[in-house]
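Data block below; observations after.
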Amino acid sequence: MKKTIIAALTIAIIASCTQPATNTVASPDGSLKVTVDAVDGNLCYNVVKDNDTIIRNSRLGFELMGGNVLGTHTEVLSIERSSANTEWETVWGEQRVIKDKHNAAVFHTAWLDIEVKVFDDGFGFRYIFPESLGIISIRNELTEFCFASEDHTAWWLPESVPYYESYGNHTAFDEIDCAHTPFTITGADGRFYTIHEAAVLDFAKMNLIPESKSALKADLVKWSDGTAVYVSDTRVSPWRTIIVSGTTGGLIESRLMLNLNEPCKIEDTSWIKPGKYVGIWWILHKFLYTWYYDANNPEGHGATTERTKRYIDFAADNNFSGVLVEGWNLGWNGDWMANSGGFSFTKAYPDYDFDGIMKYAASKGVQMIIHNETGANTENYFAQIDDAYALYQSYGMHYVKTGNVNVLMDGKEAHDGQYGVNKLHEIVEKAAQYQICIDEHEPCIPSGVCRTWPNLMTGEAIRGQEHDAWEVDGGNTPEHTTVAPFLRGLAGPMDFTFGTFDFSNPANPQCRTRTTIAKQLAEYVVIYSPLQMANDDPAAYEGVKAFDFIRDVPTDWEQTKVLDAVIGDYIVTARQERGGSDWFLGAITDENARSLRVPLSFLGKGKWLAQIYADAADASYEDNPTAVDYSEREVSAKDVLELKLATSGGTAIRFIKK
Ligand code: NOJ
Ligand code: CA
């Protein structure tokens with residue numbers, strides 16, 4: 001007995017000793033190994049998976065504005081090791097309980113420390129800037145990602161398109177100019193990798209530029225003065241993360257990014273509730289009504305008291321939690337992007353009875369999702385934010401949709417540079433003070449900060465469904481939503497806003513939603529967000545059986561399983577309702593019709609009633625998008641369903657425990 005205690009103590013001491021035999025951190029299952037060491041004086045890391053080198057020696061460090069370099073002429077002086085095996089519960093999410101099992105180490109060098117955490121499904125590392133460095137200005141991050149093969153290809157979003165609103169490209173590394181993360185690699189070795197970040201706070205976002213056919217380098221978004229980051233109070237960089245998976249689905253099922261964010265800082269989270277919403281929004285994007293009020297044509301204005309109450313009634317009748325209203329407030333007349341300082345966040349147009357609507361919504365148990373388009377003018381927004389949020393809170397309202405349209409914030413800085421990151425985050429913390437949840441449009445792409453601040457509920461940073469209303473290329477491609485879960489989706493919830501049932505678009509007939517209705521339904525399962533919109537005019541849903549699925553589908557999940565997916569072709573996702581037993585399945589395809597065999601082994605024991613919304617035999621996104629067949633059948637975990645998806649079609653299923 002004594003011997004065992006002594007042995008255990010010895011192991012613990014060796015584990016925390018400052019000079020271990022190797023500079024390697026292995027994952028708990030031993031399959032993934034990250035080594036940090038100086039190579040010819042340059043700080044580097046390499047990665048081995050199942051005995052294959054998957055990342056060759058890759059540089060670590062920074063070049064400072066004065067020309068000094070952190071991470072060169074250096075060596076690892078000491079290592080502090082630790083490990084964790086815990087679990088934590090999400091306030092909302094794709095999975096209720098998340099395991100955090102990893103081994104970690106901090107590698108100390110003379111001027112820079114590297115902290116590494118290795119999980120079974122990937123790893124993250126970040127830089128710690130010792131206080132002794134004082135305030136520093138970073139010009140360039142030297143971090144490289146040198147993969148082992150020249151034959152890997154990548155799915156990536158081009159940095160050149162504003163607000164991340166682009167399709168994913170699929171190319172070799174050397175065909176990339178500058179890419180956003182998440183950056184997803186389909187490996188020539190049969191593995192899938194996603195490079196991203198966790199906890200981007202008080203730092204610039206990291207983009208990727210190619211160095212060769214197999215290597216990428218970090219490229220930080222810069223301030224207008226050319227500096228990348230001023231390191232002052234915050235002494236850590238965001239985590240640089242890589243998921244390593246044998247399957248496409250493993251990328252989506254990984255919780256690496258959330259595990260690398262700090263636990264929730266909001267004590268009482270009872271007011272943070274997932275839900276579904278309708279809104280005065282799609283009719284604006286279809287140019288049927290306007291955001292602005294014109295006294296000469298009051299009928300043209302979208303956000304009227306009468307219409308808003310109609311949407312509130314619809315939400316209440318159909319168990320939706322919220323109603324979004326855009327164009328209710330002063331400031332939309334004329335060129336609002338140029339005159340963004342003209343927005344008021346408390347004063348309404350004359351045909352919008354703000355007080356009456358807030359009270360009406362409250363009386364019906366409906367939350368108003370109050371739109372605050374700032375035009376990326378933070379000065380004007382922060383001058384009003386306390387008054388505005390206090391006003392909304394006084395009616396018991398907990399949701400604001402922010403917008404930051406203008407490619408530069410305050411006419412000067414990028415949304416995803418350190419300035420933008422800090423301003424956008426300040427809004428989230430301010431909102432928490434007033435118990436307000438944020439749906440953030442034109443944001444910095446997320447990085448899991450919603451674990452720490454779960455009032456940051458969802459956001460855009462996606463080529464969402466609004467593009468189907470007015471985009472010159474005719475609307476989103478059928479392929480787009482089969483790629484999005486593997487790029488933007490790996491950064492967190494997406495406010496994509498599907499739900500189109502009426503495919504007409506009189507103001508822009510060359511443009512429309514290019515899916516079937518069944519695919520629209522399935523997207524509620526495939527594309528994750530705790531706040532999901534049903535974008536169409538409520539009139540479009542009246543008497544349509546398919547709407548039952550939107551009404552029934554939850555937005556908060558116990559667990560999530562990606563059953564099958566080929567990026568850019570199709571994806572089948574199953575999710576179990578949080579706090580319930582029902583499962584929901586969504587399968588979607590690109591422009592190709594296809595049959596998919598789906599084993600139902602994810603269902604627990606017993607019999608289930610499957611309510612199936614499928615493309616009708618003659619459905620197609622081009623000629624017959626509205627043809628949905630509804631059927632019911634009894635199934636069990638032993639069954640295999642054969643799903644038949646039309647061109648840009650889908651299948652949506654609810655499984656009810658019998
Ligand atoms: C772009 C947002 O993404 C959209 O949802 C909003 O309606 C407009 N900006 C106006 O703020
Ligand atoms: Ca395809």
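Within each chain, counting starts at residue 1; across the structure tokens, chains are named A, B, ... in the order shown, with ligands numbered 1 upward in that order.
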Exercise for review: List the neighbours of range 369-381 of chain A out to 6 Å using only C-alpha atoms; skip same-chain residues closer than 2 positions along the sequence, and give me the result as a PyMOL selection string.
Suggested key: chain A and resi 323-324+326+337+340-341+383-385+399-406+409-410
Dump as a Markdown table the rows for residues of chain A within 8 Å of ligand 2: closest atom pair and distance in Å with one decimal, only C-alpha atoms and all ligand atoms counted, ordered by chain and rising residue number.
| residue | atom | partner | partner_atom_place_in_ligand_line | distance |
| --- | --- | --- | --- | --- |
| A:Glu479 | CA | ligand 2 | 1 (Ca) | 5.6 |
| A:Thr482 | CA | ligand 2 | 1 (Ca) | 7.9 |
| A:Ile567 | CA | ligand 2 | 1 (Ca) | 7.5 |
| A:Gly568 | CA | ligand 2 | 1 (Ca) | 4.3 |
| A:Asp569 | CA | ligand 2 | 1 (Ca) | 4.0 |
| A:Tyr570 | CA | ligand 2 | 1 (Ca) | 7.6 |
| A:Asp590 | CA | ligand 2 | 1 (Ca) | 5.6 |
| A:Glu591 | CA | ligand 2 | 1 (Ca) | 7.0 |
| A:Asn592 | CA | ligand 2 | 1 (Ca) | 7.6 |
Grab the residues selected above and save them as a compact mmCIF listing (two decimals), in the first residue's frame with N, CA and C atoms.
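Ended up saving to again-v2.txt:
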# COMPACT_ATOMS: atom_id res chain seq x y z
N GLU A 479 -24.90 24.03 -53.75
CA GLU A 479 -23.79 23.40 -53.00
C GLU A 479 -23.50 24.10 -51.67
N THR A 482 -23.97 22.65 -48.26
CA THR A 482 -23.27 21.38 -47.99
C THR A 482 -21.79 21.63 -47.66
N ILE A 567 -18.00 16.74 -48.16
CA ILE A 567 -18.04 18.21 -48.19
C ILE A 567 -18.32 18.67 -49.62
N GLY A 568 -19.33 19.51 -49.74
CA GLY A 568 -19.67 20.05 -51.07
C GLY A 568 -20.62 19.18 -51.86
N ASP A 569 -20.99 18.00 -51.32
CA ASP A 569 -21.93 17.13 -52.03
C ASP A 569 -23.21 16.90 -51.22
N TYR A 570 -23.05 16.40 -50.01
CA TYR A 570 -24.23 16.15 -49.17
C TYR A 570 -23.82 16.02 -47.72
N ASP A 590 -26.41 18.79 -52.83
CA ASP A 590 -26.08 19.91 -53.71
C ASP A 590 -26.99 19.87 -54.95
N GLU A 591 -26.48 20.27 -56.10
CA GLU A 591 -27.32 20.34 -57.31
C GLU A 591 -27.66 18.95 -57.87
N ASN A 592 -27.03 17.91 -57.32
CA ASN A 592 -27.28 16.55 -57.80
C ASN A 592 -28.32 15.85 -56.94
**Study point:** Contacts of Leu641 in chain A within 10 Å, only C-alpha atoms, excl. fewer than 4 positions in-chain, as a VMD selection string
**Key:** chain A and resid 596 to 600 635
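Among the candidates A:Asn329, A:Ser224, A:Asn46, A:Ser214, the one nearest to ligand 1 when counting only C-alpha atoms and all ligand atoms is A:Asn329.
Nearest residue to ligand 1 among A:Met65, A:Leu521, A:Cys44, A:Met494 is A:Met494, counting only C-alpha atoms and all ligand atoms.
Between CA of Ala646 in chain A and CA of Ala522 in chain A the interatomic distance comes to 12.8 Å.
The space separating CA of Asp623 in chain A from CA of Ile462 in chain A comes to 26.8 Å.
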How close does range 443-487 of chain A get to range 169-193 of chain A? List, as JSON lines, each residue of range 443-487 of chain A within 10 Å, its nearest atom pair and the distance in Å to one decimal, counting only C-alpha atoms.
{"residue": "A:Ile445", "atom": "CA", "partner": "A:Thr181", "partner_atom": "CA", "distance": 8.4}
{"residue": "A:Pro446", "atom": "CA", "partner": "A:Pro182", "partner_atom": "CA", "distance": 9.7}
{"residue": "A:Ser447", "atom": "CA", "partner": "A:Pro182", "partner_atom": "CA", "distance": 9.3}
{"residue": "A:Val483", "atom": "CA", "partner": "A:Asn169", "partner_atom": "CA", "distance": 9.4}
{"residue": "A:Phe486", "atom": "CA", "partner": "A:Thr184", "partner_atom": "CA", "distance": 6.9}
{"residue": "A:Leu487", "atom": "CA", "partner": "A:Pro182", "partner_atom": "CA", "distance": 5.2}
Can you write just those residues out, C-alpha atoms, as an mmCIF file, in the first residue's frame?
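Done, and the output landed in part_2.cif:
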data_model
loop_
_atom_site.group_PDB
_atom_site.id
_atom_site.type_symbol
_atom_site.label_atom_id
_atom_site.label_comp_id
_atom_site.auth_asym_id
_atom_site.auth_seq_id
_atom_site.Cartn_x
_atom_site.Cartn_y
_atom_site.Cartn_z
ATOM 1 C CA ILE A 445 -15.973 35.345 -37.388
ATOM 2 C CA PRO A 446 -16.630 33.661 -34.029
ATOM 3 C CA SER A 447 -14.147 31.562 -32.052
ATOM 4 C CA VAL A 483 -19.982 23.274 -47.508
ATOM 5 C CA PHE A 486 -17.431 22.498 -42.613
ATOM 6 C CA LEU A 487 -16.191 26.094 -42.842
#
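Minimum distance to Arg488 in chain A across A:Glu141, A:Glu442, A:Glu634, A:Glu165 (counting only C-alpha atoms) occurs at A:Glu165.
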Review point. In range 217-324 of chain A, what's alpha helix (DSSP H) per DSSP? Answer as JSON, numbers by chain?
Key: {"A": [248, 249, 250, 251, 252, 253, 256, 257, 258, 259, 282, 283, 284, 285, 305, 306, 307, 308, 309, 310, 311, 312, 313, 314, 315, 316, 317]}
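For range 312-447 of chain A, backbone-based DSSP assignment of strand (DSSP E) covers Gly322, Val323, Leu324, Val325, Gln367, Met368, Ile369, Ile370, His371, Asn372, Glu373, Tyr399, Val400, Lys401, Thr402, Gly403, Cys437, Ile438, Asp439 and Glu440 of chain A.
Residue nearest ligand 1, chosen from A:Val325, A:Tyr360, A:Ala616, A:Gln576 and counting only C-alpha atoms and all ligand atoms: A:Val325.
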Exercise for review: Quick one: everything within 6 Å of Lys49 in chain A, counting only C-alpha atoms, minus sequence neighbours fewer than 2 positions away in the same chain. Send it as a ChimeraX atom specification.
Suggested key: /A:31-32,51-52
Tell me which protein, DNA and RNA residues are within 10 Å of Val244 in chain A, counting only C-alpha atoms, leaving out same-chain ones fewer than 3 positions away, and put them as a PDB file with C-alpha atoms, in the first residue's frame.
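What ended up in selection_3.pdb:
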ATOM      1  CA  LEU A  32      -1.692  12.487 -31.343  1.00  0.00           C
ATOM      2  CA  LYS A  49      -0.775  11.111 -35.578  1.00  0.00           C
ATOM      3  CA  ILE A  54       1.194  15.076 -40.194  1.00  0.00           C
ATOM      4  CA  PHE A 119      -7.008  16.294 -27.048  1.00  0.00           C
ATOM      5  CA  ASP A 120      -7.804  13.009 -28.771  1.00  0.00           C
ATOM      6  CA  ASP A 121      -9.416  14.893 -31.675  1.00  0.00           C
ATOM      7  CA  GLY A 122      -6.984  17.743 -32.113  1.00  0.00           C
ATOM      8  CA  PHE A 123      -4.847  20.300 -30.365  1.00  0.00           C
ATOM      9  CA  ILE A 185      -8.236  20.331 -45.402  1.00  0.00           C
ATOM     10  CA  ARG A 191      -7.679  12.533 -42.807  1.00  0.00           C
ATOM     11  CA  PHE A 192      -9.569  15.787 -42.427  1.00  0.00           C
ATOM     12  CA  TYR A 193      -8.088  18.816 -40.688  1.00  0.00           C
ATOM     13  CA  THR A 194      -9.580  22.151 -39.690  1.00  0.00           C
ATOM     14  CA  ILE A 195      -7.396  25.083 -38.697  1.00  0.00           C
ATOM     15  CA  THR A 241      -6.422  25.093 -33.185  1.00  0.00           C
ATOM     16  CA  THR A 247     -14.193  11.482 -40.903  1.00  0.00           C
ATOM     17  CA  THR A 248     -15.866  14.657 -42.133  1.00  0.00           C
ATOM     18  CA  GLY A 250     -15.662  14.286 -36.714  1.00  0.00           C
ATOM     19  CA  LEU A 251     -14.908  17.919 -37.577  1.00  0.00           C
ATOM     20  CA  SER A 254     -15.299  18.047 -32.131  1.00  0.00           C
TER      21      SER A 254
END
